[in-house]
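Next up, my_file.txt (compact mmCIF, N, CA, C and O atoms):
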# COMPACT_ATOMS: atom_id res chain seq x y z
N THR A 378 5.24 5.61 -19.35
CA THR A 378 4.95 6.74 -18.49
C THR A 378 5.63 6.52 -17.15
O THR A 378 5.25 5.65 -16.40
N MET A 379 6.62 7.30 -16.88
CA MET A 379 7.37 7.14 -15.64
C MET A 379 6.86 8.09 -14.58
O MET A 379 6.68 9.27 -14.84
N ARG A 380 6.61 7.54 -13.40
CA ARG A 380 6.29 8.40 -12.25
C ARG A 380 7.60 8.72 -11.56
O ARG A 380 8.27 7.84 -11.04
N LEU A 381 7.96 9.96 -11.57
CA LEU A 381 9.26 10.38 -11.07
C LEU A 381 9.07 11.60 -10.17
O LEU A 381 8.44 12.58 -10.57
N GLY A 382 9.55 11.51 -8.94
CA GLY A 382 9.48 12.65 -8.04
C GLY A 382 8.54 12.43 -6.87
O GLY A 382 8.13 11.31 -6.58
N LEU A 383 8.19 13.50 -6.23
CA LEU A 383 7.39 13.49 -5.02
C LEU A 383 5.91 13.43 -5.35
O LEU A 383 5.41 14.23 -6.15
N TYR A 384 5.19 12.47 -4.73
CA TYR A 384 3.75 12.33 -4.93
C TYR A 384 3.06 12.17 -3.59
O TYR A 384 3.61 11.56 -2.68
N PRO A 385 1.82 12.68 -3.47
CA PRO A 385 1.08 12.52 -2.22
C PRO A 385 0.49 11.13 -2.10
O PRO A 385 0.20 10.46 -3.09
N CYS A 386 0.32 10.70 -0.86
CA CYS A 386 -0.29 9.41 -0.55
C CYS A 386 -1.26 9.63 0.61
O CYS A 386 -0.87 10.16 1.64
N LYS A 387 -2.50 9.21 0.40
CA LYS A 387 -3.52 9.33 1.43
C LYS A 387 -3.55 8.03 2.23
O LYS A 387 -3.77 6.95 1.67
N MET A 388 -3.28 8.13 3.51
CA MET A 388 -3.27 6.95 4.36
C MET A 388 -4.71 6.54 4.66
O MET A 388 -5.57 7.40 4.90
N VAL A 389 -4.96 5.24 4.64
CA VAL A 389 -6.31 4.72 4.80
C VAL A 389 -6.38 3.88 6.07
O VAL A 389 -5.59 2.96 6.25
N GLY A 390 -7.32 4.20 6.91
CA GLY A 390 -7.62 3.36 8.07
C GLY A 390 -6.52 3.28 9.10
O GLY A 390 -5.51 3.97 9.04
N ASP A 391 -6.77 2.42 10.08
CA ASP A 391 -5.81 2.18 11.15
C ASP A 391 -4.91 1.03 10.72
O ASP A 391 -5.31 -0.13 10.79
N SER A 392 -3.74 1.36 10.25
CA SER A 392 -2.83 0.35 9.72
C SER A 392 -1.46 0.52 10.34
O SER A 392 -1.17 1.51 11.00
N LYS A 393 -0.61 -0.46 10.12
CA LYS A 393 0.78 -0.36 10.58
C LYS A 393 1.47 0.84 9.94
O LYS A 393 2.24 1.55 10.59
N SER A 394 1.19 1.06 8.67
CA SER A 394 1.80 2.19 7.97
C SER A 394 1.35 3.51 8.56
O SER A 394 2.15 4.42 8.75
N PHE A 395 0.06 3.63 8.84
CA PHE A 395 -0.43 4.87 9.45
C PHE A 395 0.22 5.09 10.81
O PHE A 395 0.59 6.21 11.16
N GLN A 396 0.39 4.01 11.57
CA GLN A 396 1.04 4.12 12.88
C GLN A 396 2.50 4.56 12.73
O GLN A 396 3.04 5.21 13.63
N ALA A 397 3.13 4.23 11.62
CA ALA A 397 4.52 4.66 11.39
C ALA A 397 4.59 6.15 11.08
O ALA A 397 5.50 6.84 11.55
N TYR A 398 3.66 6.65 10.30
CA TYR A 398 3.70 8.04 9.87
C TYR A 398 2.95 9.01 10.79
O TYR A 398 3.31 10.17 10.88
N HIS A 399 1.87 8.56 11.39
CA HIS A 399 1.00 9.43 12.21
C HIS A 399 0.52 10.64 11.42
O HIS A 399 0.50 11.76 11.92
N ASP A 400 0.17 10.40 10.16
CA ASP A 400 -0.29 11.50 9.31
C ASP A 400 -1.25 10.95 8.27
O ASP A 400 -1.07 9.84 7.79
N GLU A 401 -2.25 11.74 7.90
CA GLU A 401 -3.24 11.30 6.93
C GLU A 401 -2.75 11.44 5.49
O GLU A 401 -3.16 10.68 4.63
N ILE A 402 -1.91 12.42 5.22
CA ILE A 402 -1.32 12.61 3.89
C ILE A 402 0.19 12.65 4.05
O ILE A 402 0.73 13.40 4.87
N ILE A 403 0.85 11.82 3.28
CA ILE A 403 2.32 11.81 3.28
C ILE A 403 2.80 12.08 1.86
O ILE A 403 2.02 11.98 0.90
N TYR A 404 4.05 12.42 1.72
CA TYR A 404 4.66 12.67 0.41
C TYR A 404 5.91 11.82 0.30
O TYR A 404 6.78 11.90 1.15
N GLU A 405 5.94 10.99 -0.75
CA GLU A 405 7.08 10.09 -0.95
C GLU A 405 7.56 10.19 -2.38
O GLU A 405 6.81 10.52 -3.30
N ARG A 406 8.84 9.82 -2.57
CA ARG A 406 9.48 9.90 -3.88
C ARG A 406 9.29 8.61 -4.66
O ARG A 406 9.44 7.52 -4.12
N HIS A 407 9.01 8.76 -5.94
CA HIS A 407 8.81 7.64 -6.85
C HIS A 407 9.83 7.69 -7.97
O HIS A 407 10.31 8.75 -8.34
N ARG A 408 10.13 6.51 -8.51
CA ARG A 408 10.95 6.40 -9.71
C ARG A 408 10.67 5.02 -10.30
O ARG A 408 11.40 4.05 -10.08
N HIS A 409 9.55 4.93 -11.03
CA HIS A 409 9.16 3.64 -11.59
C HIS A 409 8.15 3.81 -12.72
O HIS A 409 7.57 4.87 -12.88
N ARG A 410 7.97 2.75 -13.44
CA ARG A 410 6.98 2.72 -14.51
C ARG A 410 5.83 1.76 -14.20
O ARG A 410 4.94 1.60 -15.00
N TYR A 411 5.88 1.11 -13.07
CA TYR A 411 4.91 0.08 -12.75
C TYR A 411 3.89 0.57 -11.75
O TYR A 411 4.20 1.37 -10.88
N GLU A 412 2.67 0.06 -11.85
CA GLU A 412 1.61 0.38 -10.90
C GLU A 412 0.87 -0.89 -10.50
O GLU A 412 0.92 -1.90 -11.21
N PHE A 413 0.21 -0.83 -9.38
CA PHE A 413 -0.65 -1.90 -8.90
C PHE A 413 -1.79 -2.06 -9.90
O PHE A 413 -2.41 -1.07 -10.30
N ASN A 414 -2.08 -3.29 -10.29
CA ASN A 414 -3.15 -3.55 -11.25
C ASN A 414 -4.49 -3.57 -10.51
O ASN A 414 -4.78 -4.50 -9.75
N ASN A 415 -5.31 -2.55 -10.73
CA ASN A 415 -6.58 -2.42 -10.02
C ASN A 415 -7.59 -3.53 -10.36
O ASN A 415 -8.56 -3.70 -9.63
N GLU A 416 -7.34 -4.28 -11.43
CA GLU A 416 -8.22 -5.41 -11.75
C GLU A 416 -8.14 -6.48 -10.66
O GLU A 416 -9.05 -7.28 -10.50
N TYR A 417 -7.04 -6.51 -9.90
CA TYR A 417 -6.85 -7.50 -8.84
C TYR A 417 -7.15 -6.95 -7.45
O TYR A 417 -6.99 -7.64 -6.45
N ARG A 418 -7.57 -5.71 -7.39
CA ARG A 418 -7.77 -5.04 -6.10
C ARG A 418 -8.75 -5.80 -5.20
O ARG A 418 -8.43 -6.11 -4.04
N ASN A 419 -9.93 -6.12 -5.70
CA ASN A 419 -10.93 -6.83 -4.89
C ASN A 419 -10.51 -8.26 -4.58
O ASN A 419 -10.73 -8.75 -3.47
N ILE A 420 -9.91 -8.92 -5.52
CA ILE A 420 -9.46 -10.31 -5.31
C ILE A 420 -8.46 -10.36 -4.16
O ILE A 420 -8.57 -11.19 -3.26
N LEU A 421 -7.48 -9.46 -4.18
CA LEU A 421 -6.44 -9.46 -3.15
C LEU A 421 -6.97 -9.01 -1.79
O LEU A 421 -6.61 -9.58 -0.76
N THR A 422 -7.82 -7.99 -1.77
CA THR A 422 -8.36 -7.54 -0.48
C THR A 422 -9.30 -8.59 0.11
O THR A 422 -9.35 -8.74 1.33
N ASP A 423 -10.00 -9.34 -0.73
CA ASP A 423 -10.85 -10.44 -0.23
C ASP A 423 -10.02 -11.54 0.42
O ASP A 423 -10.50 -12.27 1.28
N LYS A 424 -8.77 -11.68 0.01
CA LYS A 424 -7.88 -12.72 0.55
C LYS A 424 -7.01 -12.22 1.70
O LYS A 424 -6.15 -12.94 2.19
N GLY A 425 -7.19 -10.97 2.13
CA GLY A 425 -6.49 -10.50 3.32
C GLY A 425 -5.51 -9.37 3.13
O GLY A 425 -4.95 -8.87 4.09
N MET A 426 -5.27 -8.95 1.90
CA MET A 426 -4.38 -7.82 1.69
C MET A 426 -5.14 -6.55 2.05
O MET A 426 -6.32 -6.40 1.73
N VAL A 427 -4.47 -5.64 2.71
CA VAL A 427 -5.06 -4.37 3.10
C VAL A 427 -4.41 -3.25 2.29
O VAL A 427 -3.19 -3.14 2.28
N ILE A 428 -5.22 -2.50 1.61
CA ILE A 428 -4.71 -1.33 0.90
C ILE A 428 -4.80 -0.17 1.87
O ILE A 428 -5.89 0.27 2.23
N CYS A 429 -3.66 0.30 2.32
CA CYS A 429 -3.66 1.31 3.39
C CYS A 429 -3.08 2.64 2.96
O CYS A 429 -2.97 3.55 3.78
N GLY A 430 -2.72 2.78 1.70
CA GLY A 430 -2.25 4.05 1.18
C GLY A 430 -2.55 4.14 -0.30
O GLY A 430 -2.25 3.20 -1.05
N THR A 431 -3.20 5.22 -0.71
CA THR A 431 -3.55 5.40 -2.12
C THR A 431 -3.24 6.84 -2.53
O THR A 431 -3.02 7.71 -1.69
N SER A 432 -3.30 7.07 -3.83
CA SER A 432 -3.22 8.44 -4.31
C SER A 432 -4.47 9.17 -3.82
O SER A 432 -5.48 8.53 -3.51
N PRO A 433 -4.44 10.50 -3.71
CA PRO A 433 -5.60 11.23 -3.20
C PRO A 433 -6.91 10.94 -3.94
O PRO A 433 -7.98 10.97 -3.35
N ASP A 434 -6.83 10.61 -5.23
CA ASP A 434 -8.05 10.29 -5.98
C ASP A 434 -8.43 8.81 -5.87
O ASP A 434 -9.37 8.36 -6.50
N ASN A 435 -7.67 8.04 -5.07
CA ASN A 435 -7.93 6.62 -4.80
C ASN A 435 -7.71 5.71 -6.01
O ASN A 435 -8.07 4.55 -5.98
N ARG A 436 -7.11 6.21 -7.09
CA ARG A 436 -6.88 5.39 -8.28
C ARG A 436 -5.62 4.54 -8.18
O ARG A 436 -5.58 3.42 -8.69
N LEU A 437 -4.57 5.08 -7.56
CA LEU A 437 -3.28 4.38 -7.50
C LEU A 437 -3.03 3.84 -6.10
O LEU A 437 -3.12 4.57 -5.12
N VAL A 438 -2.72 2.56 -6.03
CA VAL A 438 -2.38 1.94 -4.75
C VAL A 438 -0.92 2.24 -4.45
O VAL A 438 -0.04 2.00 -5.28
N GLU A 439 -0.66 2.77 -3.26
CA GLU A 439 0.69 3.15 -2.86
C GLU A 439 1.28 2.22 -1.81
O GLU A 439 2.47 1.93 -1.83
N ILE A 440 0.45 1.77 -0.85
CA ILE A 440 0.94 0.93 0.25
C ILE A 440 -0.04 -0.21 0.49
O ILE A 440 -1.25 0.02 0.55
N VAL A 441 0.48 -1.42 0.64
CA VAL A 441 -0.34 -2.58 0.99
C VAL A 441 0.27 -3.26 2.21
O VAL A 441 1.46 -3.13 2.48
N GLU A 442 -0.57 -3.98 2.93
CA GLU A 442 -0.13 -4.75 4.10
C GLU A 442 -0.90 -6.06 4.16
O GLU A 442 -1.97 -6.18 3.57
N LEU A 443 -0.36 -6.98 4.92
CA LEU A 443 -1.09 -8.18 5.32
C LEU A 443 -1.38 -8.02 6.80
O LEU A 443 -0.45 -7.98 7.62
N ALA A 444 -2.65 -7.92 7.15
CA ALA A 444 -3.05 -7.61 8.52
C ALA A 444 -2.60 -8.69 9.50
O ALA A 444 -2.24 -8.38 10.64
N GLU A 445 -2.59 -9.93 9.10
CA GLU A 445 -2.26 -11.04 10.00
C GLU A 445 -0.76 -11.29 10.12
O GLU A 445 -0.36 -12.21 10.82
N HIS A 446 0.05 -10.52 9.46
CA HIS A 446 1.50 -10.70 9.49
C HIS A 446 2.12 -9.66 10.42
O HIS A 446 1.65 -8.53 10.48
N PRO A 447 3.18 -10.02 11.15
CA PRO A 447 3.81 -9.05 12.06
C PRO A 447 4.29 -7.77 11.36
O PRO A 447 4.19 -6.69 11.91
N TRP A 448 4.80 -7.89 10.15
CA TRP A 448 5.22 -6.71 9.41
C TRP A 448 5.41 -7.04 7.94
O TRP A 448 6.51 -7.28 7.46
N PHE A 449 4.32 -7.11 7.21
CA PHE A 449 4.37 -7.25 5.76
C PHE A 449 3.81 -5.95 5.20
O PHE A 449 2.61 -5.72 5.23
N VAL A 450 4.69 -5.10 4.73
CA VAL A 450 4.31 -3.81 4.17
C VAL A 450 5.01 -3.68 2.83
O VAL A 450 6.23 -3.85 2.74
N GLY A 451 4.25 -3.40 1.80
CA GLY A 451 4.82 -3.16 0.49
C GLY A 451 4.42 -1.78 0.01
O GLY A 451 3.29 -1.35 0.22
N CYS A 452 5.36 -1.09 -0.63
CA CYS A 452 5.05 0.26 -1.09
C CYS A 452 5.57 0.48 -2.51
O CYS A 452 6.52 -0.16 -2.94
N GLN A 453 4.92 1.38 -3.22
CA GLN A 453 5.29 1.73 -4.58
C GLN A 453 6.44 2.73 -4.63
O GLN A 453 7.08 2.88 -5.65
N PHE A 454 6.64 3.45 -3.59
CA PHE A 454 7.66 4.50 -3.56
C PHE A 454 8.97 3.95 -3.00
O PHE A 454 9.08 2.77 -2.66
N HIS A 455 9.96 4.80 -2.88
CA HIS A 455 11.29 4.41 -2.42
C HIS A 455 11.59 5.05 -1.07
O HIS A 455 12.12 6.16 -1.00
N PRO A 456 11.30 4.35 0.03
CA PRO A 456 11.59 4.93 1.34
C PRO A 456 13.09 5.14 1.58
O PRO A 456 13.47 6.03 2.35
N GLU A 457 13.92 4.40 0.89
CA GLU A 457 15.37 4.56 1.09
C GLU A 457 15.86 5.93 0.65
O GLU A 457 16.89 6.41 1.11
N PHE A 458 15.10 6.60 -0.23
CA PHE A 458 15.50 7.94 -0.68
C PHE A 458 15.45 8.95 0.46
O PHE A 458 16.14 9.96 0.41
N LYS A 459 14.61 8.71 1.46
CA LYS A 459 14.45 9.67 2.55
C LYS A 459 15.03 9.17 3.87
O LYS A 459 14.87 9.81 4.90
N SER A 460 15.70 8.04 3.86
CA SER A 460 16.23 7.46 5.09
C SER A 460 17.70 7.82 5.27
O SER A 460 18.46 7.86 4.31
N ARG A 461 18.08 8.08 6.52
CA ARG A 461 19.47 8.38 6.87
C ARG A 461 19.86 7.53 8.07
O ARG A 461 19.00 7.14 8.86
N PRO A 462 21.14 7.23 8.27
CA PRO A 462 21.55 6.39 9.40
C PRO A 462 21.08 6.92 10.76
O PRO A 462 20.69 6.16 11.64
N ASN A 463 21.09 8.23 10.92
CA ASN A 463 20.67 8.81 12.20
C ASN A 463 19.20 9.25 12.21
O ASN A 463 18.72 9.77 13.21
N ARG A 464 18.50 9.05 11.07
CA ARG A 464 17.10 9.44 10.94
C ARG A 464 16.42 8.48 9.96
O ARG A 464 16.16 8.81 8.81
N PRO A 465 16.15 7.25 10.43
CA PRO A 465 15.59 6.25 9.52
C PRO A 465 14.17 6.61 9.07
O PRO A 465 13.44 7.30 9.78
N HIS A 466 13.83 6.14 7.90
CA HIS A 466 12.47 6.33 7.38
C HIS A 466 11.49 5.64 8.33
O HIS A 466 11.80 4.60 8.91
N PRO A 467 10.29 6.20 8.51
CA PRO A 467 9.32 5.60 9.43
C PRO A 467 9.02 4.12 9.17
O PRO A 467 8.88 3.34 10.11
N LEU A 468 8.94 3.71 7.90
CA LEU A 468 8.66 2.30 7.61
C LEU A 468 9.83 1.40 8.01
O LEU A 468 9.63 0.29 8.51
N PHE A 469 11.06 1.86 7.82
CA PHE A 469 12.23 1.07 8.23
C PHE A 469 12.30 0.96 9.75
O PHE A 469 12.60 -0.09 10.30
N ARG A 470 12.02 2.08 10.43
CA ARG A 470 12.06 2.09 11.90
C ARG A 470 11.04 1.10 12.47
O ARG A 470 11.36 0.29 13.34
N LYS A 471 9.81 1.11 11.93
CA LYS A 471 8.78 0.19 12.42
C LYS A 471 9.09 -1.26 12.05
O LYS A 471 8.75 -2.18 12.79
N PHE A 472 9.74 -1.48 10.91
CA PHE A 472 10.15 -2.83 10.52
C PHE A 472 11.14 -3.40 11.55
O PHE A 472 10.99 -4.52 12.02
N VAL A 473 12.12 -2.61 11.92
CA VAL A 473 13.12 -3.05 12.90
C VAL A 473 12.46 -3.27 14.26
O VAL A 473 12.74 -4.26 14.94
N GLU A 474 11.55 -2.40 14.66
CA GLU A 474 10.82 -2.58 15.92
C GLU A 474 10.04 -3.89 15.92
O GLU A 474 10.04 -4.62 16.91
N ALA A 475 9.38 -4.21 14.81
CA ALA A 475 8.61 -5.46 14.71
C ALA A 475 9.55 -6.67 14.80
O ALA A 475 9.24 -7.66 15.46
N ALA A 476 10.71 -6.58 14.15
CA ALA A 476 11.68 -7.68 14.20
C ALA A 476 12.20 -7.89 15.62
O ALA A 476 12.31 -9.03 16.10
N LEU A 477 12.48 -6.81 16.32
CA LEU A 477 12.96 -6.92 17.70
C LEU A 477 11.87 -7.47 18.61
O LEU A 477 12.16 -8.28 19.50
N ARG A 478 10.63 -7.07 18.40
CA ARG A 478 9.51 -7.61 19.19
C ARG A 478 9.37 -9.12 18.98
O ARG A 478 9.19 -9.87 19.92
N LEU A 479 9.47 -9.56 17.74
CA LEU A 479 9.38 -11.00 17.44
C LEU A 479 10.53 -11.77 18.08
O LEU A 479 10.33 -12.87 18.60
N ARG A 480 11.70 -11.18 18.05
CA ARG A 480 12.87 -11.84 18.64
C ARG A 480 12.71 -11.99 20.15
O ARG A 480 13.07 -13.02 20.73
N GLN A 481 12.16 -10.99 20.80
CA GLN A 481 11.95 -11.04 22.25
C GLN A 481 10.90 -12.07 22.63
O GLN A 481 10.96 -12.65 23.72
N ASN A 482 9.94 -12.30 21.74
CA ASN A 482 8.86 -13.25 22.04
C ASN A 482 9.24 -14.70 21.83
O ASN A 482 8.49 -15.59 22.15
N LYS A 483 10.42 -14.96 21.28
CA LYS A 483 10.84 -16.35 21.03
C LYS A 483 11.55 -16.93 22.22
O LYS A 483 12.08 -16.37 23.06
Translate the structure described by the file into structure tokens.
Amino acid sequence: TMRLGLYPCKMVGDSKSFQAYHDEIIYERHRHRYEFNNEYRNILTDKGMVICGTSPDNRLVEIVELAEHPWFVGCQFHPEFKSRPNRPHPLFRKFVEAALRLRQNK
């Protein structure tokens, strides 16, 4: 079963990803057959992973982060599909900002 095309994602909580989008519902393009295994959801969140984006019905995990990391964001969709050199995707823009902040602090 391939997820192909535009799907909604409900942003959860105050996260780095939410700060990138500034929106509660976003739409991103998918092209994959793999999904986050919900059997590991509690195990991973207990160890510090933050699930900050899900499908509207909360069944599919779309975006995860590590709260204690300067910029560890993983997503199920393809942000590169919507990114352009003069208009970078919000996640790419925030990634570069985090890298520049870290560089300045060294």
Review point. What are the DSSP strand (DSSP E or B) residues of chain A, as number ranges by chain?
Key: A: 380-388, 402-409, 426-431, 438-443, 450-452, 461, 464
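Computed from the coordinates, the CA of Val450 in chain A to CA of Phe472 in chain A distance equals 8.7 Å.
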Point to revise | Minimum-distance residue to His446 in chain A, chosen among A:Thr431, A:Glu401, A:Arg406, A:Gly425 (using all atoms listed in the file) | key: A:Gly425
Point to revise | Who sits within 8 Å of Glu412 in chain A, only N, CA, C and O atoms, same chain under 5 positions skipped, as a ChimeraX atom specification | key: /A:378,436-438,453
Selected residues, N, CA, C and O atoms, written as an mmCIF file, in the coordinates of the input, please.
data_model
loop_
_atom_site.group_PDB
_atom_site.id
_atom_site.type_symbol
_atom_site.label_atom_id
_atom_site.label_comp_id
_atom_site.auth_asym_id
_atom_site.auth_seq_id
_atom_site.Cartn_x
_atom_site.Cartn_y
_atom_site.Cartn_z
ATOM 1 N N THR A 378 5.240 5.610 -19.350
ATOM 2 C CA THR A 378 4.950 6.740 -18.490
ATOM 3 C C THR A 378 5.630 6.520 -17.150
ATOM 4 O O THR A 378 5.250 5.650 -16.400
ATOM 5 N N ARG A 436 -7.110 6.210 -7.090
ATOM 6 C CA ARG A 436 -6.880 5.390 -8.280
ATOM 7 C C ARG A 436 -5.620 4.540 -8.180
ATOM 8 O O ARG A 436 -5.580 3.420 -8.690
ATOM 9 N N LEU A 437 -4.570 5.080 -7.560
ATOM 10 C CA LEU A 437 -3.280 4.380 -7.500
ATOM 11 C C LEU A 437 -3.030 3.840 -6.100
ATOM 12 O O LEU A 437 -3.120 4.570 -5.120
ATOM 13 N N VAL A 438 -2.720 2.560 -6.030
ATOM 14 C CA VAL A 438 -2.380 1.940 -4.750
ATOM 15 C C VAL A 438 -0.920 2.240 -4.450
ATOM 16 O O VAL A 438 -0.040 2.000 -5.280
ATOM 17 N N GLN A 453 4.920 1.380 -3.220
ATOM 18 C CA GLN A 453 5.290 1.730 -4.580
ATOM 19 C C GLN A 453 6.440 2.730 -4.630
ATOM 20 O O GLN A 453 7.080 2.880 -5.650
#
Point to revise | Between atom N of Gln481 in chain A and atom O of Asp400 in chain A - distance in Å to one decimal | key: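 About the pair atom O of Asp400 in chain A and atom N of Gln481 in chain A: they are 27.9 Å apart.
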Point to revise | Shell around Trp448 in chain A at 8 Å using all atoms listed in the file, local window under 4 positions removed, as a ChimeraX atom specification | key: /A:393,441-444,471-472,475-476
Exercise for review: Have a look at atom O of Leu421 in chain A and atom C of Gly382 in chain A and let me know their distance in Å, one decimal.
Suggested key: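 Computed distance, atom O of Leu421 in chain A to atom C of Gly382 in chain A, equals 27.4 Å.
Comparing A:Arg408, A:Tyr417, A:Arg478, A:Phe469 by their smallest distance to Arg380 in chain A, the closest is A:Arg408 (using only N, CA, C and O atoms).
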Review point. Taking the backbone alone, and naming residues the way the document does, which bits of chain A are alpha helix (DSSP H) by DSSP, as a VMD selection string?
Key: chain A and resid 393 to 398 418 to 423 467 to 481
Let me see the file: selected residues, N, CA, C and O atoms, as a tab-separated table (two decimals), keeping the file's coordinate frame.
chain	number	residue	atom	x	y	z
A	393	LYS	N	-0.61	-0.46	10.12
A	393	LYS	CA	0.78	-0.36	10.58
A	393	LYS	C	1.47	0.84	9.94
A	393	LYS	O	2.24	1.55	10.59
A	394	SER	N	1.19	1.06	8.67
A	394	SER	CA	1.80	2.19	7.97
A	394	SER	C	1.35	3.51	8.56
A	394	SER	O	2.15	4.42	8.75
A	395	PHE	N	0.06	3.63	8.84
A	395	PHE	CA	-0.43	4.87	9.45
A	395	PHE	C	0.22	5.09	10.81
A	395	PHE	O	0.59	6.21	11.16
A	396	GLN	N	0.39	4.01	11.57
A	396	GLN	CA	1.04	4.12	12.88
A	396	GLN	C	2.50	4.56	12.73
A	396	GLN	O	3.04	5.21	13.63
A	397	ALA	N	3.13	4.23	11.62
A	397	ALA	CA	4.52	4.66	11.39
A	397	ALA	C	4.59	6.15	11.08
A	397	ALA	O	5.50	6.84	11.55
A	398	TYR	N	3.66	6.65	10.30
A	398	TYR	CA	3.70	8.04	9.87
A	398	TYR	C	2.95	9.01	10.79
A	398	TYR	O	3.31	10.17	10.88
A	418	ARG	N	-7.57	-5.71	-7.39
A	418	ARG	CA	-7.77	-5.04	-6.10
A	418	ARG	C	-8.75	-5.80	-5.20
A	418	ARG	O	-8.43	-6.11	-4.04
A	419	ASN	N	-9.93	-6.12	-5.70
A	419	ASN	CA	-10.93	-6.83	-4.89
A	419	ASN	C	-10.51	-8.26	-4.58
A	419	ASN	O	-10.73	-8.75	-3.47
A	420	ILE	N	-9.91	-8.92	-5.52
A	420	ILE	CA	-9.46	-10.31	-5.31
A	420	ILE	C	-8.46	-10.36	-4.16
A	420	ILE	O	-8.57	-11.19	-3.26
A	421	LEU	N	-7.48	-9.46	-4.18
A	421	LEU	CA	-6.44	-9.46	-3.15
A	421	LEU	C	-6.97	-9.01	-1.79
A	421	LEU	O	-6.61	-9.58	-0.76
A	422	THR	N	-7.82	-7.99	-1.77
A	422	THR	CA	-8.36	-7.54	-0.48
A	422	THR	C	-9.30	-8.59	0.11
A	422	THR	O	-9.35	-8.74	1.33
A	423	ASP	N	-10.00	-9.34	-0.73
A	423	ASP	CA	-10.85	-10.44	-0.23
A	423	ASP	C	-10.02	-11.54	0.42
A	423	ASP	O	-10.50	-12.27	1.28
A	467	PRO	N	10.29	6.20	8.51
A	467	PRO	CA	9.32	5.60	9.43
A	467	PRO	C	9.02	4.12	9.17
A	467	PRO	O	8.88	3.34	10.11
A	468	LEU	N	8.94	3.71	7.90
A	468	LEU	CA	8.66	2.30	7.61
A	468	LEU	C	9.83	1.40	8.01
A	468	LEU	O	9.63	0.29	8.51
A	469	PHE	N	11.06	1.86	7.82
A	469	PHE	CA	12.23	1.07	8.23
A	469	PHE	C	12.30	0.96	9.75
A	469	PHE	O	12.60	-0.09	10.30
A	470	ARG	N	12.02	2.08	10.43
A	470	ARG	CA	12.06	2.09	11.90
A	470	ARG	C	11.04	1.10	12.47
A	470	ARG	O	11.36	0.29	13.34
A	471	LYS	N	9.81	1.11	11.93
A	471	LYS	CA	8.78	0.19	12.42
A	471	LYS	C	9.09	-1.26	12.05
A	471	LYS	O	8.75	-2.18	12.79
A	472	PHE	N	9.74	-1.48	10.91
A	472	PHE	CA	10.15	-2.83	10.52
A	472	PHE	C	11.14	-3.40	11.55
A	472	PHE	O	10.99	-4.52	12.02
A	473	VAL	N	12.12	-2.61	11.92
A	473	VAL	CA	13.12	-3.05	12.90
A	473	VAL	C	12.46	-3.27	14.26
A	473	VAL	O	12.74	-4.26	14.94
A	474	GLU	N	11.55	-2.40	14.66
A	474	GLU	CA	10.82	-2.58	15.92
A	474	GLU	C	10.04	-3.89	15.92
A	474	GLU	O	10.04	-4.62	16.91
A	475	ALA	N	9.38	-4.21	14.81
A	475	ALA	CA	8.61	-5.46	14.71
A	475	ALA	C	9.55	-6.67	14.80
A	475	ALA	O	9.24	-7.66	15.46
A	476	ALA	N	10.71	-6.58	14.15
A	476	ALA	CA	11.68	-7.68	14.20
A	476	ALA	C	12.20	-7.89	15.62
A	476	ALA	O	12.31	-9.03	16.10
A	477	LEU	N	12.48	-6.81	16.32
A	477	LEU	CA	12.96	-6.92	17.70
A	477	LEU	C	11.87	-7.47	18.61
A	477	LEU	O	12.16	-8.28	19.50
A	478	ARG	N	10.63	-7.07	18.40
A	478	ARG	CA	9.51	-7.61	19.19
A	478	ARG	C	9.37	-9.12	18.98
A	478	ARG	O	9.19	-9.87	19.92
A	479	LEU	N	9.47	-9.56	17.74
A	479	LEU	CA	9.38	-11.00	17.44
A	479	LEU	C	10.53	-11.77	18.08
A	479	LEU	O	10.33	-12.87	18.60
A	480	ARG	N	11.70	-11.18	18.05
A	480	ARG	CA	12.87	-11.84	18.64
A	480	ARG	C	12.71	-11.99	20.15
A	480	ARG	O	13.07	-13.02	20.73
A	481	GLN	N	12.16	-10.99	20.80
A	481	GLN	CA	11.95	-11.04	22.25
A	481	GLN	C	10.90	-12.07	22.63
A	481	GLN	O	10.96	-12.65	23.72
**Study point:** Residue among A:Leu468, A:Leu477, A:Leu381, A:Val427 lying closest to His407 in chain A, counting only C-alpha atoms
**Key:**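 That would be A:Leu381, the residue with the smallest distance to His407 in chain A.
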Practice item. Choose the residue, out of A:Pro433, A:Pro385, A:Pro462, A:Gly451, that has the smallest atom-to-atom separation from Tyr404 in chain A; count only N, CA, C and O atoms. Key: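 Checking each candidate against Tyr404 in chain A, we get A:Pro385 as the closest.
Distance annotation: of A:His409, A:Lys387, A:Leu479, A:Ser460, the residue with the minimal separation from Asn435 in chain A is A:Lys387; atom set is all atoms listed in the file.
Residues lying at most 8 Å from (-8.6, -0.4, 6.7) in file coordinates, with all atoms listed in the file considered, are A:Val389, A:Gly390, A:Asp391, A:Ser392, A:Val427, A:Ile428, A:Cys429.
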Review point. In terms of the shortest atom-to-atom distance over only C-alpha atoms, which of A:Met388, A:Val473, A:Ile440, A:Ile420 is closest to His455 in chain A?
Key: A:Ile440
